[in-house]
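Some notes on the structure that comes next.
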Amino acid sequence: MHTISNIEIKNKRVLVRVDFNVPLNAQFEVADTTRIRAALPTLKYILNQGGSLVLMSHLGRPKTGPNTKYSLKHIVPCLEALLEHKIQFVEDCISGDAFEITKSLKPGNVILLENLRFYAQEERGDVDFAKQLSRHGDIYINDAFGTAHREHASTAVIARFFNTAHKALGLLMSAEVESISKVLNFAEKPLTAIIGGAKVSDKILIIQQLMNRAQHIIIGGGMAFTFIKAMGGATGASLCEKDRLDTALELINLAKQKGVQLHLPSDACIADAFDQNANTQLVSSFEIPDLWMGLDIGPKSMDAFAKVIQNSKTILWNGPMGVFEMSAFETGTRVIAEAIVKATQAGAYSLIGGGDSVAAINKYQLSSMVSYVSTGGGALLEFIEQGTLPGVDAINFQS
Ligand code: AMP
């Protein structure tokens, strides 16, 4: 892997693609600092090595050019506080003024360029736009794991304007790639993948890929009911993708062919409404009465899944076991999170990734007790599906 530690930084202008696509509140203040904090190690490393910083990112999805609602100027106070450093904001990422400012930076200067997506060329991966951006730095560092699955101008195309000695992955990107690699390429067996969430259709490719690597695949959440229905179970009013029943059967057969143990929930906590205060019962997940819906796995499934997890040496978790946002249906997700922590304490490597399982592990304040919590939802899933990402390839494989 080509990481920042291989690069001579002193007195260099370092152009860093970060992921500062953070949520803002009604007062345009940063509502969640996770992504900014995740970039800090790379930024501090560059400053400590005697480089200057030119930071570039997107924010939101501005459709038609500049729009103050999506201006990165809103994040300056938060970034200054977290980095403990003065930042100069530049209002247009490729204006003459911008190039004038970045032409003669001194070590320790920090520049933040305006939202890259104010130019449609960014998402189009426009080569000329990428070339212009490349003029802002002597060195290009990609630390934006959250957008590494996009082949955009600043995330991938730009890398062709820097040779190997002048581009690298940042510390966050390196940690993410290393963590996935530990699960996909160097997993100590048994490897257990826990896949939950709402829909099978979102997770087909990742389940197929994991069949080549995992010894156990645990399926929970709403998506389990498509499998259960395909096997002839009665799923009542539970989430079920009727157009994916064949896919579910194909996955069950693939697991048999590959010798992968596929674990489905044997029991469920069902409710008579999608509501925290609904009436509930525990039943077999294959015998759900009409009008009732499964909103969490039941205690037998929790026990069975926890046993598999505790006997694993490598664990990947993506997607909750139930509607964990409602306390009435969060137990399965919490028990799985706790089982992963226990396994980690016993020496297993655990990677938690994908929006809702990250939200869950944070909700239970267990994120510091697992091996790695990924910052990239879509990027992580695509990495598992494809085995690599455009943003990573652009650094590792282009000269
Ligand atoms: P995903 O984004 O596909 O990982 O799905 C996450 C969402 O799935 C969460 O908002 C959960 O509330 C929801 N979910 C999990 N289990 C169920 C279920 N049994 N029925 C309905 N929604 C569910």
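Starting from 1 in every chain, residues are counted up; chains themselves are A, B, ... following the order of the structure tokens, and ligands are numbered from 1 as listed.
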
Item to check | All residues 8 Å or closer to A:Lys229, only C-alpha atoms, same chain fewer than 3 positions away omitted, as a count of residues only | outcome: 9

Next on the checklist: So that I can check the surroundings of A:Gly294, please list as a PyMOL selection string every protein, DNA and RNA residue that reaches within 7 Å of it, counting only C-alpha atoms and ignoring chain neighbours fewer than 3 positions away.
Outcome noted: chain A and resi 238+268-271

Next on the checklist: Using only C-alpha atoms and all ligand atoms, which residues have at least one atom no more than 7 Å from ligand 1? Output them as a list of chain:residue names.
Outcome noted: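 What falls inside 7 Å of ligand 1 is A:Gly196, A:Gly197, A:Ala198, A:Lys199, A:Asp202, A:Gly221, A:Gly222, A:Ser238, A:Leu239, A:Gly294, A:Leu295, A:Asp296, A:Asn318, A:Gly319, A:Pro320, A:Met321, A:Gly322, A:Val323, A:Phe324, A:Glu325, A:Gly355, A:Asp356.
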
Please list as a PDB file with N, CA and C atoms, in the first residue's frame every residue within 8 Å of A:Glu91, counting only C-alpha atoms and excluding residues in the same chain fewer than 4 positions away.
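Once written, out.pdb looks like this:
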ATOM      1  N   ALA A  98      -7.536  31.759  -6.194  1.00  0.00           N
ATOM      2  CA  ALA A  98      -7.208  30.510  -5.486  1.00  0.00           C
ATOM      3  C   ALA A  98      -5.793  30.073  -5.847  1.00  0.00           C
ATOM      4  N   LEU A 113     -10.419  24.945   0.297  1.00  0.00           N
ATOM      5  CA  LEU A 113     -11.060  25.368  -0.955  1.00  0.00           C
ATOM      6  C   LEU A 113     -12.577  25.202  -0.842  1.00  0.00           C
ATOM      7  N   GLU A 114     -13.298  26.023  -1.575  1.00  0.00           N
ATOM      8  CA  GLU A 114     -14.766  25.926  -1.592  1.00  0.00           C
ATOM      9  C   GLU A 114     -15.215  24.588  -2.195  1.00  0.00           C
TER      10      GLU A 114
END

Next on the checklist: Report as a list in words all protein, DNA and RNA residues lying within 7 Å of A:Val54, evaluated on only C-alpha atoms, omitting residues in the same chain fewer than 2 positions from it.
Outcome noted: Val14, Leu15, Val16, Ser52, Met56, Val110, Ile111, Leu112 and His136 of chain A

Would you mind exporting the chosen residues as an mmCIF file, in the first residue's frame, restricted to C-alpha atoms?
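Okay, this is what ended up in out23.cif:
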data_model
loop_
_atom_site.group_PDB
_atom_site.id
_atom_site.type_symbol
_atom_site.label_atom_id
_atom_site.label_comp_id
_atom_site.auth_asym_id
_atom_site.auth_seq_id
_atom_site.Cartn_x
_atom_site.Cartn_y
_atom_site.Cartn_z
ATOM 1 C CA VAL A 14 0.165 19.077 0.157
ATOM 2 C CA LEU A 15 -3.219 18.893 -1.566
ATOM 3 C CA VAL A 16 -5.475 16.648 0.501
ATOM 4 C CA SER A 52 1.456 23.288 4.056
ATOM 5 C CA MET A 56 -10.556 20.063 -0.786
ATOM 6 C CA VAL A 110 -3.760 25.767 5.872
ATOM 7 C CA ILE A 111 -6.129 26.578 2.999
ATOM 8 C CA LEU A 112 -9.657 25.225 2.593
ATOM 9 C CA HIS A 136 -2.770 23.505 -5.949
#

Next on the checklist: Using DSSP secondary structure from the backbone, list all strand (DSSP E or B) positions within stretch 94-234 of chain A, as a ChimeraX atom specification.
Outcome noted: /A:110-113,139-142,167-169,191-195,216-219,234

Checklist entry - What residues in stretch 282-353 of chain A get the DSSP label alpha helix (DSSP H)? Please answer as a ChimeraX atom specification. => result /A:299-310,331-345

Near stretch 308-315 of chain A, counting only C-alpha atoms, which residues have an atom at most 9 Å away, once you skip same-chain residues fewer than 5 positions from it, shown as a PDB file with N, CA, C and O atoms, in the first residue's frame?
ATOM      1  N   LYS A 182      -7.725  -7.065   6.225  1.00  0.00           N
ATOM      2  CA  LYS A 182      -7.625  -8.069   7.302  1.00  0.00           C
ATOM      3  C   LYS A 182      -8.819  -9.021   7.245  1.00  0.00           C
ATOM      4  O   LYS A 182      -8.708 -10.191   7.589  1.00  0.00           O
ATOM      5  N   VAL A 183      -9.974  -8.497   6.844  1.00  0.00           N
ATOM      6  CA  VAL A 183     -11.172  -9.327   6.793  1.00  0.00           C
ATOM      7  C   VAL A 183     -11.254 -10.107   5.484  1.00  0.00           C
ATOM      8  O   VAL A 183     -11.595 -11.289   5.468  1.00  0.00           O
ATOM      9  N   ALA A 187      -7.964 -13.030   6.722  1.00  0.00           N
ATOM     10  CA  ALA A 187      -8.815 -13.348   7.873  1.00  0.00           C
ATOM     11  C   ALA A 187      -8.370 -14.632   8.553  1.00  0.00           C
ATOM     12  O   ALA A 187      -8.115 -15.646   7.896  1.00  0.00           O
ATOM     13  N   GLU A 188      -8.276 -14.552   9.869  1.00  0.00           N
ATOM     14  CA  GLU A 188      -8.076 -15.779  10.628  1.00  0.00           C
ATOM     15  C   GLU A 188      -9.435 -16.470  10.688  1.00  0.00           C
ATOM     16  O   GLU A 188     -10.465 -15.816  10.924  1.00  0.00           O
ATOM     17  N   LYS A 189      -9.477 -17.780  10.477  1.00  0.00           N
ATOM     18  CA  LYS A 189     -10.764 -18.484  10.437  1.00  0.00           C
ATOM     19  C   LYS A 189     -11.159 -18.979  11.820  1.00  0.00           C
ATOM     20  O   LYS A 189     -10.270 -19.287  12.608  1.00  0.00           O
ATOM     21  N   PRO A 190     -12.429 -19.123  12.103  1.00  0.00           N
ATOM     22  CA  PRO A 190     -13.567 -18.849  11.219  1.00  0.00           C
ATOM     23  C   PRO A 190     -13.887 -17.361  11.082  1.00  0.00           C
ATOM     24  O   PRO A 190     -13.829 -16.621  12.060  1.00  0.00           O
ATOM     25  N   LEU A 191     -14.232 -16.991   9.829  1.00  0.00           N
ATOM     26  CA  LEU A 191     -14.708 -15.635   9.534  1.00  0.00           C
ATOM     27  C   LEU A 191     -16.236 -15.670   9.504  1.00  0.00           C
ATOM     28  O   LEU A 191     -16.832 -16.472   8.788  1.00  0.00           O
ATOM     29  N   THR A 192     -16.840 -14.801  10.318  1.00  0.00           N
ATOM     30  CA  THR A 192     -18.302 -14.698  10.345  1.00  0.00           C
ATOM     31  C   THR A 192     -18.723 -13.324   9.860  1.00  0.00           C
ATOM     32  O   THR A 192     -18.226 -12.310  10.359  1.00  0.00           O
ATOM     33  N   ALA A 193     -19.618 -13.306   8.871  1.00  0.00           N
ATOM     34  CA  ALA A 193     -20.184 -12.037   8.401  1.00  0.00           C
ATOM     35  C   ALA A 193     -21.617 -11.953   8.898  1.00  0.00           C
ATOM     36  O   ALA A 193     -22.389 -12.910   8.749  1.00  0.00           O
ATOM     37  N   ILE A 194     -21.944 -10.841   9.525  1.00  0.00           N
ATOM     38  CA  ILE A 194     -23.308 -10.632  10.037  1.00  0.00           C
ATOM     39  C   ILE A 194     -23.934  -9.554   9.165  1.00  0.00           C
ATOM     40  O   ILE A 194     -23.458  -8.412   9.148  1.00  0.00           O
ATOM     41  N   HIS A 216     -19.143 -18.582   8.096  1.00  0.00           N
ATOM     42  CA  HIS A 216     -20.511 -18.397   8.607  1.00  0.00           C
ATOM     43  C   HIS A 216     -21.072 -17.073   8.086  1.00  0.00           C
ATOM     44  O   HIS A 216     -20.365 -16.060   8.123  1.00  0.00           O
ATOM     45  N   ILE A 218     -24.440 -14.801   8.948  1.00  0.00           N
ATOM     46  CA  ILE A 218     -25.647 -14.641   9.760  1.00  0.00           C
ATOM     47  C   ILE A 218     -26.509 -13.588   9.071  1.00  0.00           C
ATOM     48  O   ILE A 218     -26.030 -12.501   8.749  1.00  0.00           O
ATOM     49  N   ASP A 303     -29.280 -16.139  21.028  1.00  0.00           N
ATOM     50  CA  ASP A 303     -28.342 -17.097  21.637  1.00  0.00           C
ATOM     51  C   ASP A 303     -27.523 -17.801  20.570  1.00  0.00           C
ATOM     52  O   ASP A 303     -26.294 -17.932  20.688  1.00  0.00           O
ATOM     53  N   ILE A 336     -26.130  -8.657  19.683  1.00  0.00           N
ATOM     54  CA  ILE A 336     -25.102  -8.962  18.669  1.00  0.00           C
ATOM     55  C   ILE A 336     -23.887  -8.060  18.890  1.00  0.00           C
ATOM     56  O   ILE A 336     -22.737  -8.521  18.856  1.00  0.00           O
ATOM     57  N   ALA A 339     -22.003  -9.373  21.772  1.00  0.00           N
ATOM     58  CA  ALA A 339     -21.301 -10.623  21.440  1.00  0.00           C
ATOM     59  C   ALA A 339     -20.027 -10.310  20.652  1.00  0.00           C
ATOM     60  O   ALA A 339     -18.985 -10.961  20.843  1.00  0.00           O
ATOM     61  N   ILE A 340     -20.097  -9.314  19.784  1.00  0.00           N
ATOM     62  CA  ILE A 340     -18.908  -8.938  18.996  1.00  0.00           C
ATOM     63  C   ILE A 340     -17.834  -8.381  19.934  1.00  0.00           C
ATOM     64  O   ILE A 340     -16.645  -8.704  19.801  1.00  0.00           O
ATOM     65  N   LYS A 342     -17.413  -9.146  23.069  1.00  0.00           N
ATOM     66  CA  LYS A 342     -16.867 -10.292  23.823  1.00  0.00           C
ATOM     67  C   LYS A 342     -15.854 -11.063  22.988  1.00  0.00           C
ATOM     68  O   LYS A 342     -14.773 -11.415  23.456  1.00  0.00           O
ATOM     69  N   ALA A 343     -16.232 -11.319  21.732  1.00  0.00           N
ATOM     70  CA  ALA A 343     -15.329 -12.057  20.841  1.00  0.00           C
ATOM     71  C   ALA A 343     -14.040 -11.264  20.643  1.00  0.00           C
ATOM     72  O   ALA A 343     -12.945 -11.831  20.608  1.00  0.00           O
ATOM     73  N   THR A 344     -14.169  -9.941  20.523  1.00  0.00           N
ATOM     74  CA  THR A 344     -12.984  -9.093  20.326  1.00  0.00           C
ATOM     75  C   THR A 344     -12.076  -9.187  21.553  1.00  0.00           C
ATOM     76  O   THR A 344     -10.850  -9.300  21.433  1.00  0.00           O
ATOM     77  N   ALA A 346     -11.792 -11.622  23.379  1.00  0.00           N
ATOM     78  CA  ALA A 346     -11.163 -12.953  23.391  1.00  0.00           C
ATOM     79  C   ALA A 346     -10.150 -13.104  22.256  1.00  0.00           C
ATOM     80  O   ALA A 346      -9.640 -14.203  22.023  1.00  0.00           O
ATOM     81  N   GLY A 347      -9.903 -12.010  21.508  1.00  0.00           N
ATOM     82  CA  GLY A 347      -8.832 -12.063  20.500  1.00  0.00           C
ATOM     83  C   GLY A 347      -9.271 -12.014  19.055  1.00  0.00           C
ATOM     84  O   GLY A 347      -8.433 -12.052  18.154  1.00  0.00           O
ATOM     85  N   ALA A 348     -10.593 -11.941  18.799  1.00  0.00           N
ATOM     86  CA  ALA A 348     -11.045 -11.878  17.402  1.00  0.00           C
ATOM     87  C   ALA A 348     -10.822 -10.477  16.830  1.00  0.00           C
ATOM     88  O   ALA A 348     -10.723  -9.500  17.584  1.00  0.00           O
ATOM     89  N   TYR A 349     -10.727 -10.406  15.494  1.00  0.00           N
ATOM     90  CA  TYR A 349     -10.659  -9.095  14.822  1.00  0.00           C
ATOM     91  C   TYR A 349     -12.074  -8.753  14.354  1.00  0.00           C
ATOM     92  O   TYR A 349     -12.716  -9.545  13.665  1.00  0.00           O
ATOM     93  N   SER A 350     -12.574  -7.556  14.724  1.00  0.00           N
ATOM     94  CA  SER A 350     -13.948  -7.197  14.360  1.00  0.00           C
ATOM     95  C   SER A 350     -13.994  -5.873  13.608  1.00  0.00           C
ATOM     96  O   SER A 350     -13.424  -4.881  14.047  1.00  0.00           O
ATOM     97  N   LEU A 351     -14.654  -5.901  12.474  1.00  0.00           N
ATOM     98  CA  LEU A 351     -14.840  -4.692  11.658  1.00  0.00           C
ATOM     99  C   LEU A 351     -16.340  -4.407  11.568  1.00  0.00           C
ATOM    100  O   LEU A 351     -17.121  -5.269  11.165  1.00  0.00           O
ATOM    101  N   ILE A 352     -16.705  -3.190  11.974  1.00  0.00           N
ATOM    102  CA  ILE A 352     -18.108  -2.784  11.904  1.00  0.00           C
ATOM    103  C   ILE A 352     -18.203  -1.741  10.800  1.00  0.00           C
ATOM    104  O   ILE A 352     -17.455  -0.760  10.819  1.00  0.00           O
TER     105      ILE A 352
END

Checklist entry - Which of these, A:Ala81, A:Arg13, A:Lys44, A:His58, has the shortest distance to A:Ser134 once you count only C-alpha atoms? => result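 Once distances to A:Ser134 are computed over only C-alpha atoms, the minimum belongs to A:Arg13.
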
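Among A:Leu40, A:Ala230, A:Cys93, A:Ile395, the residue with the shortest atom-to-atom distance to A:Ile158, counting only C-alpha atoms, is A:Ile395.
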
Item to check | A:Val177 surroundings by only C-alpha atoms, 10 Å radius, close-in-sequence under 6 positions cut, as number ranges by chain | outcome: A: 1, 145, 169, 171, 374, 380, 383, 388-389, 392

Item to check | Nearest to A:Arg135, chosen from A:Ile94, A:Ile204, A:Ala120, A:Ala156, with only C-alpha atoms counted in the distances | outcome: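 Closest to A:Arg135 of all the choices is A:Ile94.
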
Checklist entry - How far is it from atom CA of A:Ala379 to atom CA of A:His149, in Å with one decimal? => result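 For atom CA of A:Ala379 relative to atom CA of A:His149, the distance reads 5.1 Å.
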
Item to check | Interatomic distance, atom CA of A:Gly236 to atom CA of A:Ala248 (Å, one decimal) | outcome: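 Between atom CA of A:Gly236 and atom CA of A:Ala248 the gap is 17.7 Å.
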
Checklist entry - Between atom CA of A:Ser367 and atom CA of A:Glu178, what is the distance, to one decimal in Å? => result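 Separating atom CA of A:Ser367 from atom CA of A:Glu178 is a distance of 18.0 Å.
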
Between stretch 81-170 of chain A and stretch 17-30 of chain A, at 9 Å or less, what are the per-residue closest atom pairs and their distances in Å? Count only C-alpha atoms, order by chain and rising residue number, and return it as a Markdown table.
| residue | atom | partner | partner_atom | distance |
| --- | --- | --- | --- | --- |
| A:Tyr140 | CA | A:Arg17 | CA | 7.8 |
| A:Ile141 | CA | A:Arg17 | CA | 6.4 |
| A:Asn142 | CA | A:Arg17 | CA | 4.9 |
| A:Asp143 | CA | A:Val18 | CA | 5.3 |
| A:Ala144 | CA | A:Val18 | CA | 4.5 |
| A:Phe145 | CA | A:Asp19 | CA | 7.2 |
| A:Gly146 | CA | A:Asp19 | CA | 6.4 |
| A:Thr147 | CA | A:Asp19 | CA | 7.1 |
| A:Ser154 | CA | A:Arg17 | CA | 6.7 |
| A:Thr155 | CA | A:Arg17 | CA | 6.8 |

Next on the checklist: Using only C-alpha atoms, which protein or nucleic acid residues come within 10 Å of A:Val373? Drop anything in the same chain fewer than 4 positions from it, and give the result as a PyMOL selection string.
Outcome noted: chain A and resi 176+179+317+350-354+357-358+361-362+367-369

Go ahead and save the residues from that selection, with all heavy atoms, as an mmCIF file, in the first residue's frame.
data_model
loop_
_atom_site.group_PDB
_atom_site.id
_atom_site.type_symbol
_atom_site.label_atom_id
_atom_site.label_comp_id
_atom_site.auth_asym_id
_atom_site.auth_seq_id
_atom_site.Cartn_x
_atom_site.Cartn_y
_atom_site.Cartn_z
ATOM 1 N N GLU A 176 -8.429 2.242 6.825
ATOM 2 C CA GLU A 176 -9.644 1.604 6.298
ATOM 3 C C GLU A 176 -9.276 0.431 5.388
ATOM 4 O O GLU A 176 -9.833 -0.663 5.502
ATOM 5 C CB GLU A 176 -10.485 2.624 5.503
ATOM 6 C CG GLU A 176 -11.057 3.763 6.339
ATOM 7 C CD GLU A 176 -12.387 3.427 6.988
ATOM 8 O OE1 GLU A 176 -12.896 2.309 6.795
ATOM 9 O OE2 GLU A 176 -12.921 4.294 7.703
ATOM 10 N N SER A 179 -7.897 -2.462 7.331
ATOM 11 C CA SER A 179 -8.923 -3.161 8.091
ATOM 12 C C SER A 179 -9.740 -4.092 7.182
ATOM 13 O O SER A 179 -9.985 -5.254 7.525
ATOM 14 C CB SER A 179 -9.816 -2.125 8.773
ATOM 15 O OG SER A 179 -10.962 -2.731 9.220
ATOM 16 N N TRP A 317 -19.482 -6.930 10.526
ATOM 17 C CA TRP A 317 -20.908 -6.666 10.815
ATOM 18 C C TRP A 317 -21.415 -5.486 10.007
ATOM 19 O O TRP A 317 -20.885 -4.393 10.102
ATOM 20 C CB TRP A 317 -21.105 -6.368 12.313
ATOM 21 C CG TRP A 317 -22.549 -6.129 12.676
ATOM 22 C CD1 TRP A 317 -23.647 -6.603 12.022
ATOM 23 C CD2 TRP A 317 -23.053 -5.342 13.764
ATOM 24 N NE1 TRP A 317 -24.798 -6.187 12.648
ATOM 25 C CE2 TRP A 317 -24.449 -5.414 13.711
ATOM 26 C CE3 TRP A 317 -22.441 -4.605 14.783
ATOM 27 C CZ2 TRP A 317 -25.275 -4.754 14.644
ATOM 28 C CZ3 TRP A 317 -23.248 -3.959 15.703
ATOM 29 C CH2 TRP A 317 -24.649 -4.029 15.637
ATOM 30 N N SER A 350 -12.574 -7.556 14.724
ATOM 31 C CA SER A 350 -13.948 -7.197 14.360
ATOM 32 C C SER A 350 -13.994 -5.873 13.608
ATOM 33 O O SER A 350 -13.424 -4.881 14.047
ATOM 34 C CB SER A 350 -14.819 -7.117 15.617
ATOM 35 O OG SER A 350 -14.212 -6.263 16.586
ATOM 36 N N LEU A 351 -14.654 -5.901 12.474
ATOM 37 C CA LEU A 351 -14.840 -4.692 11.658
ATOM 38 C C LEU A 351 -16.340 -4.407 11.568
ATOM 39 O O LEU A 351 -17.121 -5.269 11.165
ATOM 40 C CB LEU A 351 -14.257 -4.922 10.251
ATOM 41 C CG LEU A 351 -14.639 -3.925 9.159
ATOM 42 C CD1 LEU A 351 -14.232 -2.497 9.506
ATOM 43 C CD2 LEU A 351 -13.992 -4.316 7.814
ATOM 44 N N ILE A 352 -16.705 -3.190 11.974
ATOM 45 C CA ILE A 352 -18.108 -2.784 11.904
ATOM 46 C C ILE A 352 -18.203 -1.741 10.800
ATOM 47 O O ILE A 352 -17.455 -0.760 10.819
ATOM 48 C CB ILE A 352 -18.580 -2.118 13.227
ATOM 49 C CG1 ILE A 352 -18.034 -2.832 14.461
ATOM 50 C CG2 ILE A 352 -20.090 -1.965 13.271
ATOM 51 C CD1 ILE A 352 -18.389 -4.247 14.604
ATOM 52 N N GLY A 353 -19.098 -1.944 9.855
ATOM 53 C CA GLY A 353 -19.149 -0.973 8.767
ATOM 54 C C GLY A 353 -20.520 -0.864 8.144
ATOM 55 O O GLY A 353 -21.319 -1.797 8.187
ATOM 56 N N GLY A 354 -20.800 0.295 7.577
ATOM 57 C CA GLY A 354 -22.104 0.525 6.967
ATOM 58 C C GLY A 354 -22.966 1.255 7.948
ATOM 59 O O GLY A 354 -23.043 0.873 9.114
ATOM 60 N N SER A 357 -25.177 -0.112 11.276
ATOM 61 C CA SER A 357 -24.497 -0.872 12.329
ATOM 62 C C SER A 357 -23.529 0.038 13.077
ATOM 63 O O SER A 357 -23.310 -0.139 14.272
ATOM 64 C CB SER A 357 -23.790 -2.124 11.805
ATOM 65 O OG SER A 357 -23.486 -2.009 10.466
ATOM 66 N N VAL A 358 -22.983 1.028 12.367
ATOM 67 C CA VAL A 358 -22.122 2.013 13.043
ATOM 68 C C VAL A 358 -22.970 2.837 14.015
ATOM 69 O O VAL A 358 -22.590 3.057 15.172
ATOM 70 C CB VAL A 358 -21.407 2.920 12.016
ATOM 71 C CG1 VAL A 358 -20.635 4.018 12.720
ATOM 72 C CG2 VAL A 358 -20.482 2.094 11.133
ATOM 73 N N ILE A 361 -23.606 0.585 17.061
ATOM 74 C CA ILE A 361 -22.470 0.374 17.987
ATOM 75 C C ILE A 361 -22.187 1.671 18.755
ATOM 76 O O ILE A 361 -21.819 1.647 19.930
ATOM 77 C CB ILE A 361 -21.219 -0.170 17.230
ATOM 78 C CG1 ILE A 361 -20.269 -0.880 18.191
ATOM 79 C CG2 ILE A 361 -20.466 0.882 16.469
ATOM 80 C CD1 ILE A 361 -20.434 -2.342 18.267
ATOM 81 N N ASN A 362 -22.420 2.816 18.104
ATOM 82 C CA ASN A 362 -22.262 4.100 18.803
ATOM 83 C C ASN A 362 -23.358 4.279 19.847
ATOM 84 O O ASN A 362 -23.104 4.749 20.952
ATOM 85 C CB ASN A 362 -22.304 5.265 17.811
ATOM 86 C CG ASN A 362 -21.027 5.342 16.998
ATOM 87 O OD1 ASN A 362 -19.976 4.869 17.427
ATOM 88 N ND2 ASN A 362 -21.103 5.930 15.816
ATOM 89 N N SER A 367 -18.180 1.367 20.556
ATOM 90 C CA SER A 367 -17.294 1.470 19.382
ATOM 91 C C SER A 367 -15.815 1.352 19.740
ATOM 92 O O SER A 367 -15.026 0.877 18.928
ATOM 93 C CB SER A 367 -17.570 2.739 18.580
ATOM 94 O OG SER A 367 -17.773 3.804 19.427
ATOM 95 N N SER A 368 -15.455 1.749 20.960
ATOM 96 C CA SER A 368 -14.036 1.644 21.314
ATOM 97 C C SER A 368 -13.672 0.210 21.715
ATOM 98 O O SER A 368 -12.510 -0.080 21.984
ATOM 99 C CB SER A 368 -13.715 2.598 22.464
ATOM 100 O OG SER A 368 -14.450 2.198 23.598
ATOM 101 N N MET A 369 -14.666 -0.675 21.750
ATOM 102 C CA MET A 369 -14.391 -2.041 22.218
ATOM 103 C C MET A 369 -14.418 -3.070 21.086
ATOM 104 O O MET A 369 -14.411 -4.276 21.329
ATOM 105 C CB MET A 369 -15.380 -2.419 23.311
ATOM 106 C CG MET A 369 -15.240 -1.474 24.503
ATOM 107 S SD MET A 369 -16.489 -1.713 25.721
ATOM 108 C CE MET A 369 -15.754 -3.047 26.633
#

Checklist entry - Using only C-alpha atoms, which of A:Ile87, A:Leu282, A:Met211, A:Met173 sits nearest A:Leu72? => result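 Closest to A:Leu72, using only C-alpha atoms: A:Ile87.
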
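Nearest residue to A:Phe329 among A:Ile252, A:Ala278, A:Ala148, A:Val283 is A:Ala278, counting only C-alpha atoms.
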